[in-house]
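These notes concern the structure reproduced below.
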Amino acid sequence: MDKFDSFNFNKYWGPNEYRSRVVFARGSDMQCVYCGETASTREHCPSRVFLSKPFPPNLPTVPACERCNNGFSSDELYTKAFIEVYKYHYLFNSEPRNSERREVKDAQQKFEEFVNSGKIHFDDRISRILIKLAICHITFELTTGFHTDSWDGIPEYVSYTFRPYMQADDIDSWDDFIPINDTIFPIIGSRVINQIYVLELKMLTEDNTEIYEPFAVMNWIDVQDNNYRYICWLDGKNINVKIVIDEFMYAEVVFKGK
Ligand SMILES: [Zn+2]
């Protein structure tokens, strides 16, 4: 199965009249942000499996149907376990303690294959979860004031890497603020507008006078220190999402507008 198959992008990002369906509200016409069916549950975004106790208060939620709400749990556990197994191996060069959970065993086995082959594998279970997480973040952050009323784009790609594969420079550039400019500008009313900061750039004029040039940037949303952060923005017609889990997995999902 293609990793995008389980999502219904047309229902989610269809014409303007569907827009209200993705904004969470108690009511009978809520629709699942993943498949478009009637939503009967609220889902935490990100799922708590990626966080530690005590959980942060006021975690974002999105409407989801029961099937989707339960349908991702196993792959989410697996994704989290894979990151932990790898991180444990990287930090201590040993195996974490055994778990009887099937997902943890699967992740350990997958990690062994990955170490033996010596290259980053691409895992559909992990990419499915990254797409799912990206969808819930952009639904929550960008929906109100979504500036392309009839966005009918397609998912473009999902990519991820792990800290051991990254140089310090890569990590720095990953963490760069997203500058706000003509093409990247959140609409007033969307939640993500709260993430805008104004920085001042110190510059010297020809006669050595210091001037300060303000510019706006968008910051990362820190769900829980060291465990989970993300940032999402519209860039022209594309929607970009970056997610960092455990400060160890660095993922990017791009949905491309037509
Ligand atoms: Zn659903």
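Each chain of the structure tokens is named A, B, ... in the order shown, its residues numbered from 1; ligands are numbered from 1 in display order.
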Mind listing the residues within 10 Å of ligand 1, only C-alpha atoms and all ligand atoms counted, as a ChimeraX atom specification? /A:6-8,31-41,63-71
Given the selection you just returned, output its residues as a file containing C-alpha atoms, formatted as an mmCIF file, in the first residue's frame.
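Full text of again.cif as output:
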```
data_model
loop_
_atom_site.group_PDB
_atom_site.id
_atom_site.type_symbol
_atom_site.label_atom_id
_atom_site.label_comp_id
_atom_site.auth_asym_id
_atom_site.auth_seq_id
_atom_site.Cartn_x
_atom_site.Cartn_y
_atom_site.Cartn_z
ATOM 1 C CA SER A 6 -4.881 5.789 3.969
ATOM 2 C CA PHE A 7 -5.483 9.538 3.905
ATOM 3 C CA ASN A 8 -8.249 11.352 2.149
ATOM 4 C CA GLN A 31 -15.157 15.373 10.231
ATOM 5 C CA CYS A 32 -12.084 13.306 10.738
ATOM 6 C CA VAL A 33 -9.009 15.257 9.629
ATOM 7 C CA TYR A 34 -7.452 12.104 8.219
ATOM 8 C CA CYS A 35 -10.191 10.373 6.278
ATOM 9 C CA GLY A 36 -13.137 12.797 6.142
ATOM 10 C CA GLU A 37 -15.624 10.455 7.823
ATOM 11 C CA THR A 38 -17.773 11.672 10.678
ATOM 12 C CA ALA A 39 -15.573 12.325 13.668
ATOM 13 C CA SER A 40 -16.701 11.080 17.043
ATOM 14 C CA THR A 41 -13.509 11.551 19.022
ATOM 15 C CA PRO A 63 -11.392 15.731 15.374
ATOM 16 C CA ALA A 64 -10.884 12.132 14.289
ATOM 17 C CA CYS A 65 -13.099 9.155 13.652
ATOM 18 C CA GLU A 66 -12.704 6.183 15.954
ATOM 19 C CA ARG A 67 -11.109 4.055 13.262
ATOM 20 C CA CYS A 68 -8.345 6.585 12.589
ATOM 21 C CA ASN A 69 -7.943 7.455 16.249
ATOM 22 C CA ASN A 70 -7.162 3.811 16.997
ATOM 23 C CA GLY A 71 -5.723 2.936 13.624
#
```
Please return, as a PyMOL selection string, all residues of segment 33-135 of chain A that DSSP assigns to strand (DSSP E or B) on the basis of the backbone. chain A and resi 38+41-44+61-64
Please list as a VMD selection string every residue within 9 Å of Gln224 of chain A, counting only C-alpha atoms and excluding residues in the same chain fewer than 6 positions away. chain A and resid 51 to 52 55 to 56
Residues of segment 28-84 of chain A in helix (DSSP H, G or I), written as a PyMOL selection string: chain A and resi 48-50+66-71+73-84
With only C-alpha atoms as the counted atoms, please give the residues lying no more than 7 Å from segment 156-162 of chain A, apart from itself and same-chain residues fewer than 3 positions off, as an MDAnalysis selection string. chainID A and resid 127 165:166 248:256
For each of A:Val223, A:Ala81, A:Val244, A:Ile138, take the minimum atom-to-atom distance to Pro46 of chain A, counting only C-alpha atoms, then give the residue where this is smallest. A:Val223
Quick one: everything within 7 Å of Tyr212 of chain A, counting only C-alpha atoms, minus sequence neighbours fewer than 4 positions away in the same chain. Send it as an MDAnalysis selection string. chainID A and resid 200:203
For Arg125 of chain A, find every residue with an atom within 9 Å (counting only C-alpha atoms), except residues of its own chain fewer than 2 positions away, and show them as a PyMOL selection string. chain A and resi 3+75-76+78-79+123+127-130
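Of the listed residues (A:Val62, A:Trp220, A:Lys242, A:Glu95), A:Val62 comes nearest to Thr139 of chain A; the distances count only C-alpha atoms.
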If we count only C-alpha atoms, what is near Val49 of chain A at a cut-off of 9 Å, once residues fewer than 5 positions away on the same chain are taken out, given as an NGL selection string? :A and (73 or 76-77 or 80)
Just checking: using only C-alpha atoms, which residue out of A:Val198, A:Val217, A:Val241, A:Ile211 ends up closest to Leu133 of chain A? A:Val241
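Separating atom CA of Ile231 of chain A from atom CA of Arg48 of chain A is a distance of 18.1 Å.
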